[in-house]
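Pasted below: coords-v8.cif, mmCIF, C-alpha atoms.
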data_upload
#
loop_
_atom_site.group_PDB
_atom_site.id
_atom_site.type_symbol
_atom_site.label_atom_id
_atom_site.label_comp_id
_atom_site.auth_asym_id
_atom_site.auth_seq_id
_atom_site.Cartn_x
_atom_site.Cartn_y
_atom_site.Cartn_z
ATOM 1 C CA MET F 423 -63.976 99.196 -47.005
ATOM 2 C CA LEU F 424 -67.466 97.674 -47.263
ATOM 3 C CA LEU F 425 -66.204 95.107 -49.769
ATOM 4 C CA ASN F 426 -63.393 94.065 -47.451
ATOM 5 C CA ARG F 427 -65.867 93.541 -44.594
ATOM 6 C CA HIS F 428 -67.995 91.276 -46.832
ATOM 7 C CA VAL F 429 -64.937 89.243 -47.855
ATOM 8 C CA CYS F 430 -63.855 88.793 -44.246
ATOM 9 C CA ALA F 431 -67.336 87.765 -43.194
ATOM 10 C CA ALA F 432 -67.538 85.212 -46.002
ATOM 11 C CA SER F 433 -64.138 83.776 -45.080
ATOM 12 C CA VAL F 434 -65.148 83.360 -41.441
ATOM 13 C CA ALA F 435 -68.364 81.661 -42.467
ATOM 14 C CA LEU F 436 -66.543 79.184 -44.710
ATOM 15 C CA LEU F 437 -64.066 78.436 -41.921
ATOM 16 C CA LEU F 438 -66.847 77.686 -39.459
ATOM 17 C CA VAL F 439 -68.556 75.364 -41.933
ATOM 18 C CA ALA F 440 -65.311 73.491 -42.620
ATOM 19 C CA CYS F 441 -64.611 73.012 -38.921
ATOM 20 C CA SER F 442 -68.102 71.704 -38.252
ATOM 21 C CA ASN F 443 -68.143 69.335 -41.244
ATOM 22 C CA PRO F 444 -67.517 65.783 -39.963
ATOM 23 C CA ASP F 445 -66.344 64.650 -43.445
ATOM 24 C CA ILE F 446 -63.229 66.799 -43.310
ATOM 25 C CA ARG F 447 -60.331 64.917 -41.669
ATOM 26 C CA VAL F 448 -56.631 65.529 -41.162
ATOM 27 C CA TYR F 449 -54.202 62.686 -41.880
ATOM 28 C CA GLU F 450 -50.551 62.294 -40.893
ATOM 29 C CA VAL F 451 -48.385 60.890 -43.706
ATOM 30 C CA PRO F 452 -45.548 58.690 -42.387
ATOM 31 C CA ARG F 453 -42.072 59.974 -43.147
ATOM 32 C CA GLU F 454 -40.080 57.881 -45.602
ATOM 33 C CA GLU F 455 -37.001 56.220 -44.139
ATOM 34 C CA ASN F 456 -33.602 57.267 -45.387
ATOM 35 C CA ASP F 457 -32.228 54.451 -47.532
ATOM 36 C CA THR F 458 -28.687 55.849 -47.629
ATOM 37 C CA PRO F 459 -26.280 53.180 -46.302
ATOM 38 C CA PRO F 460 -24.262 53.986 -43.192
ATOM 39 C CA PRO F 461 -20.746 55.353 -43.833
ATOM 40 C CA HIS F 462 -18.949 52.121 -42.909
ATOM 41 C CA LEU F 463 -20.981 50.197 -45.521
ATOM 42 C CA ALA F 464 -20.787 52.740 -48.322
ATOM 43 C CA ASP F 465 -18.843 51.730 -51.436
ATOM 44 C CA ALA F 466 -16.343 54.173 -52.849
ATOM 45 C CA GLU F 467 -15.022 52.202 -55.790
ATOM 46 C CA SER F 468 -15.642 54.760 -58.529
ATOM 47 C CA PRO F 469 -13.338 57.787 -58.371
ATOM 48 C CA SER F 470 -13.932 61.007 -60.210
ATOM 49 C CA PRO F 471 -11.827 61.529 -63.349
ATOM 50 C CA GLY F 472 -8.512 63.186 -62.539
ATOM 51 C CA ALA F 473 -8.750 62.569 -58.791
ATOM 52 C CA THR F 474 -5.507 61.934 -56.916
ATOM 53 C CA PRO F 475 -5.012 58.885 -54.659
ATOM 54 C CA THR F 476 -5.407 61.100 -51.575
ATOM 55 C CA ASP F 477 -8.620 62.686 -52.885
ATOM 56 C CA MET F 478 -10.122 59.307 -53.754
ATOM 57 C CA ALA F 479 -9.971 58.181 -50.131
ATOM 58 C CA SER F 480 -12.958 60.444 -49.468
ATOM 59 C CA GLN F 481 -14.957 59.819 -52.663
ATOM 60 C CA SER F 482 -18.723 59.675 -52.160
ATOM 61 C CA LEU F 483 -20.948 56.771 -53.035
ATOM 62 C CA PRO F 484 -21.036 56.346 -56.842
ATOM 63 C CA GLN F 485 -24.371 56.236 -58.619
ATOM 64 C CA GLY F 486 -23.788 52.816 -60.107
ATOM 65 C CA SER F 487 -21.503 50.609 -62.121
ATOM 66 C CA SER F 488 -21.536 50.968 -65.888
ATOM 67 C CA ALA F 489 -19.986 47.559 -66.363
ATOM 68 C CA GLU F 490 -22.955 45.542 -67.605
ATOM 69 C CA VAL F 491 -21.553 42.077 -66.948
ATOM 70 C CA ASP F 492 -22.847 39.042 -65.085
ATOM 71 C CA PRO F 493 -21.229 38.120 -61.766
ATOM 72 C CA PRO F 494 -18.984 35.050 -61.621
ATOM 73 C CA HIS F 495 -19.821 31.845 -59.810
ATOM 74 C CA TRP F 496 -18.475 31.382 -56.279
ATOM 75 C CA GLU F 497 -18.866 29.347 -53.101
ATOM 76 C CA VAL F 498 -19.998 31.330 -50.072
ATOM 77 C CA PRO F 499 -18.549 30.330 -46.666
ATOM 78 C CA ASP F 500 -21.077 29.035 -44.149
ATOM 79 C CA SER F 501 -20.265 31.858 -41.716
ATOM 80 C CA TRP F 502 -21.335 34.534 -44.240
ATOM 81 C CA SER F 503 -24.931 35.750 -44.371
ATOM 82 C CA PRO F 504 -26.491 37.247 -47.523
ATOM 83 C CA ALA F 505 -26.956 41.026 -47.502
ATOM 84 C CA PRO F 506 -28.888 43.287 -49.889
ATOM 85 C CA GLU F 507 -27.311 43.796 -53.301
ATOM 86 C CA SER F 508 -27.570 46.908 -55.463
ATOM 87 C CA ASP F 509 -26.556 48.342 -58.823
ATOM 88 C CA ILE F 510 -23.080 48.680 -57.365
ATOM 89 C CA ARG F 511 -22.847 45.448 -55.394
ATOM 90 C CA ARG F 512 -22.875 42.257 -57.449
ATOM 91 C CA GLY F 513 -22.407 40.309 -54.239
ATOM 92 C CA SER F 514 -23.022 41.362 -50.624
ATOM 93 C CA PHE F 515 -22.537 39.488 -47.344
ATOM 94 C CA HIS F 516 -22.319 40.098 -43.592
ATOM 95 C CA VAL F 517 -20.540 38.314 -40.776
ATOM 96 C CA HIS F 518 -21.774 38.959 -37.240
ATOM 97 C CA GLY F 519 -19.786 38.355 -34.063
ATOM 98 C CA VAL F 520 -20.218 39.111 -30.376
ATOM 99 C CA ASP F 521 -20.655 42.605 -28.915
ATOM 100 C CA ASP F 522 -21.909 44.039 -32.223
ATOM 101 C CA ALA F 523 -18.715 43.064 -34.057
ATOM 102 C CA HIS F 524 -19.362 42.632 -37.762
ATOM 103 C CA LEU F 525 -17.811 42.359 -41.208
ATOM 104 C CA ASP F 526 -19.111 43.692 -44.502
ATOM 105 C CA ILE F 527 -18.153 41.827 -47.689
ATOM 106 C CA ALA F 528 -18.786 43.500 -51.038
ATOM 107 C CA VAL F 529 -18.245 42.406 -54.647
ATOM 108 C CA THR F 530 -18.203 45.288 -57.138
ATOM 109 C CA VAL F 531 -17.198 45.781 -60.774
ATOM 110 C CA PHE F 532 -16.277 48.880 -62.777
ATOM 111 C CA PRO F 533 -14.890 49.549 -66.247
ATOM 112 C CA GLY F 534 -11.158 50.116 -66.588
ATOM 113 C CA ASP F 535 -8.621 50.105 -63.758
ATOM 114 C CA VAL F 536 -10.549 52.582 -61.531
ATOM 115 C CA GLY F 537 -7.563 54.866 -61.111
ATOM 116 C CA GLY F 538 -4.914 52.172 -60.816
ATOM 117 C CA ARG F 539 -3.653 49.875 -58.098
ATOM 118 C CA LEU F 540 -2.057 52.587 -55.943
ATOM 119 C CA ALA F 541 -5.196 54.720 -56.044
ATOM 120 C CA ASN F 542 -7.387 51.814 -54.938
ATOM 121 C CA VAL F 543 -5.064 50.845 -52.093
ATOM 122 C CA ASN F 544 -4.892 54.435 -50.857
ATOM 123 C CA ARG F 545 -8.672 54.810 -51.030
ATOM 124 C CA TRP F 546 -9.144 51.710 -48.876
ATOM 125 C CA ARG F 547 -6.466 52.974 -46.496
ATOM 126 C CA GLY F 548 -8.276 56.282 -46.168
ATOM 127 C CA GLN F 549 -11.576 54.550 -45.431
ATOM 128 C CA ILE F 550 -10.107 52.969 -42.284
ATOM 129 C CA GLY F 551 -8.123 56.012 -41.178
ATOM 130 C CA LEU F 552 -4.696 55.213 -42.639
ATOM 131 C CA SER F 553 -2.531 57.728 -44.474
ATOM 132 C CA PRO F 554 -1.747 57.159 -48.162
ATOM 133 C CA ILE F 555 1.418 55.426 -49.315
ATOM 134 C CA GLY F 556 3.648 56.114 -52.289
ATOM 135 C CA SER F 557 4.425 53.986 -55.299
ATOM 136 C CA ASP F 558 7.816 53.106 -53.790
ATOM 137 C CA THR F 559 6.162 51.058 -51.004
ATOM 138 C CA LEU F 560 3.256 49.628 -53.019
ATOM 139 C CA SER F 561 5.039 46.387 -53.904
ATOM 140 C CA ASP F 562 5.659 45.710 -50.204
ATOM 141 C CA THR F 563 1.955 46.192 -49.453
ATOM 142 C CA VAL F 564 0.366 44.178 -52.259
ATOM 143 C CA GLU F 565 0.366 40.387 -52.564
ATOM 144 C CA GLN F 566 0.256 38.781 -56.003
ATOM 145 C CA LEU F 567 -2.146 35.865 -56.507
ATOM 146 C CA GLU F 568 -4.508 34.369 -59.082
ATOM 147 C CA ILE F 569 -8.283 34.436 -59.345
ATOM 148 C CA ASP F 570 -9.684 31.884 -61.796
ATOM 149 C CA GLY F 571 -6.247 31.559 -63.359
ATOM 150 C CA ARG F 572 -5.901 35.304 -63.984
ATOM 151 C CA PRO F 573 -3.285 37.577 -62.393
ATOM 152 C CA ALA F 574 -4.789 39.320 -59.373
ATOM 153 C CA TRP F 575 -3.620 41.142 -56.280
ATOM 154 C CA LEU F 576 -4.595 41.323 -52.618
ATOM 155 C CA VAL F 577 -3.942 43.751 -49.789
ATOM 156 C CA GLU F 578 -4.434 43.426 -46.024
ATOM 157 C CA LEU F 579 -4.831 46.677 -44.098
ATOM 158 C CA GLN F 580 -5.347 47.310 -40.391
ATOM 159 C CA GLY F 581 -6.577 50.696 -39.231
ATOM 160 C CA THR F 582 -7.373 52.028 -35.795
ATOM 161 C CA ASP F 583 -10.952 50.768 -35.623
ATOM 162 C CA ALA F 584 -11.286 48.408 -38.595
ATOM 163 C CA SER F 585 -9.423 46.077 -40.920
ATOM 164 C CA THR F 586 -9.776 45.655 -44.667
ATOM 165 C CA ILE F 587 -8.806 42.688 -46.821
ATOM 166 C CA ALA F 588 -9.375 43.336 -50.506
ATOM 167 C CA ALA F 589 -8.503 41.746 -53.827
ATOM 168 C CA SER F 590 -8.913 42.776 -57.433
ATOM 169 C CA VAL F 591 -8.752 41.093 -60.838
ATOM 170 C CA GLU F 592 -9.249 42.540 -64.325
ATOM 171 C CA ILE F 593 -11.518 40.593 -66.670
ATOM 172 C CA ASP F 594 -12.283 41.769 -70.224
ATOM 173 C CA GLY F 595 -11.459 45.380 -69.424
ATOM 174 C CA ASN F 596 -13.462 45.466 -66.175
ATOM 175 C CA SER F 597 -12.024 45.574 -62.659
ATOM 176 C CA TRP F 598 -13.635 43.276 -60.117
ATOM 177 C CA PHE F 599 -13.174 44.117 -56.430
ATOM 178 C CA PHE F 600 -13.694 41.733 -53.515
ATOM 179 C CA ARG F 601 -13.506 43.590 -50.209
ATOM 180 C CA MET F 602 -14.028 42.575 -46.570
ATOM 181 C CA THR F 603 -14.062 45.337 -43.947
ATOM 182 C CA GLY F 604 -14.857 45.424 -40.238
ATOM 183 C CA ASP F 605 -13.828 44.221 -36.806
ATOM 184 C CA HIS F 606 -10.131 43.303 -36.419
ATOM 185 C CA GLY F 607 -10.759 39.981 -34.706
ATOM 186 C CA LEU F 608 -13.467 38.870 -37.127
ATOM 187 C CA ALA F 609 -11.352 39.898 -40.113
ATOM 188 C CA SER F 610 -8.465 37.797 -38.824
ATOM 189 C CA ARG F 611 -10.796 34.836 -38.248
ATOM 190 C CA GLU F 612 -12.461 35.120 -41.653
ATOM 191 C CA GLU F 613 -9.276 35.799 -43.641
ATOM 192 C CA PRO F 614 -8.766 32.090 -44.566
ATOM 193 C CA ARG F 615 -12.432 31.861 -45.623
ATOM 194 C CA PHE F 616 -12.063 35.025 -47.679
ATOM 195 C CA ARG F 617 -9.127 33.458 -49.513
ATOM 196 C CA GLU F 618 -11.144 30.272 -50.079
ATOM 197 C CA PHE F 619 -13.935 32.435 -51.476
ATOM 198 C CA LEU F 620 -11.466 33.995 -53.935
ATOM 199 C CA GLU F 621 -10.189 30.564 -54.951
ATOM 200 C CA SER F 622 -13.738 29.397 -55.688
ATOM 201 C CA ILE F 623 -14.495 32.231 -58.138
ATOM 202 C CA ARG F 624 -15.110 31.148 -61.722
ATOM 203 C CA PHE F 625 -15.865 33.531 -64.593
ATOM 204 C CA GLU F 626 -17.751 32.334 -67.654
#
Could I get this structure in the form of structure tokens?
Amino acid sequence: MLLNRHVCAASVALLLVACSNPDIRVYEVPREENDTPPPHLADAESPSPGATPTDMASQSLPQGSSAEVDPPHWEVPDSWSPAPESDIRRGSFHVHGVDDAHLDIAVTVFPGDVGGRLANVNRWRGQIGLSPIGSDTLSDTVEQLEIDGRPAWLVELQGTDASTIAASVEIDGNSWFFRMTGDHGLASREEPRFREFLESIRFE
């Protein structure tokens, strides 16, 4: 009991000295900002192996592209503003309109076919609140075109709150995706410029 009293007394004495010492200060460390992109800007171009088209509509943000290739050359429309790129985005642009209307344009690349054409279309449909389609209606949804002389395809989707116009081309075993998503009116206005952007693309 006597030892415990001595320990308590010593602890109180040390506490009083610390409180009266002007060299002891308390600092507040600022909290780091969350760098996770908002849901409407998050890419979901890399499905998990074995995922179905319906499951892939809700895939989370992939960790990065394993396709170590250089981006092609292109001509950016004057109405597009540069946006931050990342390991996933090889090209990134924004279009701003009135009343907070905006478009997000992303260029991504992944090895292989990323689940196939139907899976990609259904994932984009899910991202804007549309139900998946079957293979029997895919040909009516997809438009065939060329990007840098290679066979490519394009799809235009309109959801409840957003529209998506996306195209894809396979180069040397890698799938390139060019996707514009956002406000209905802006998407309609920028659709010709998006097509001009696709026509300007040149791979080495």
Which is closer to Ser501 in chain F than all the others in F:Pro533, F:Gly595, F:Gly519, F:Gly513, using only C-alpha atoms? F:Gly519
For the file shown, report as a ChimeraX atom specification the outcome of the PyMOL selection byres ((chain F and resi 543) around 12) at residue level. /F:466-467,475-476,478-479,536-542,544-550,552-557,559-561,563-565,575-579,586-590,599,601
Name the residues that the PyMOL selection byres ((chain F and resi 597) around 6) pulls out of this structure, and write them as a ChimeraX atom specification. /F:531-532,535,591-592,596,598
For the residues in the current selection, export C-alpha atoms as a CSV table (one decimal), in the frame of the given file.
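File produced: again-v9.csv:
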chain,number,residue,atom,x,y,z
F,531,VAL,CA,-17.2,45.8,-60.8
F,532,PHE,CA,-16.3,48.9,-62.8
F,535,ASP,CA,-8.6,50.1,-63.8
F,591,VAL,CA,-8.8,41.1,-60.8
F,592,GLU,CA,-9.2,42.5,-64.3
F,596,ASN,CA,-13.5,45.5,-66.2
F,598,TRP,CA,-13.6,43.3,-60.1
Which residues match the PyMOL selection byres ((chain F and resi 527) around 6) in the file above, as a PyMOL selection string? chain F and resi 514-515+526+528+601-602
By how many Å are CA of Thr603 in chain F and CA of Ala584 in chain F apart? 6.8 Å
From F:Val517, F:Leu525, F:Ile510, F:Leu620, residue lying nearest Arg572 in chain F [only C-alpha atoms]: F:Leu620
Can you work out the spacing between CA of Ser610 in chain F and CA of Leu567 in chain F in Å, to one decimal?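 So the answer is 18.9 Å.
For the atom pair formed by CA of His518 in chain F and CA of His606 in chain F, the distance is 12.5 Å, given to one decimal.
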Enclosing box along x, y and z for every listed atom of range 528-532 of chain F, padded 3 Å each side, centre and size in Å, one decimal, as lines of an AutoDock Vina configuration file:
center_x = -17.5
center_y = 45.6
center_z = -56.9
size_x = 8.5
size_y = 12.5
size_z = 17.7
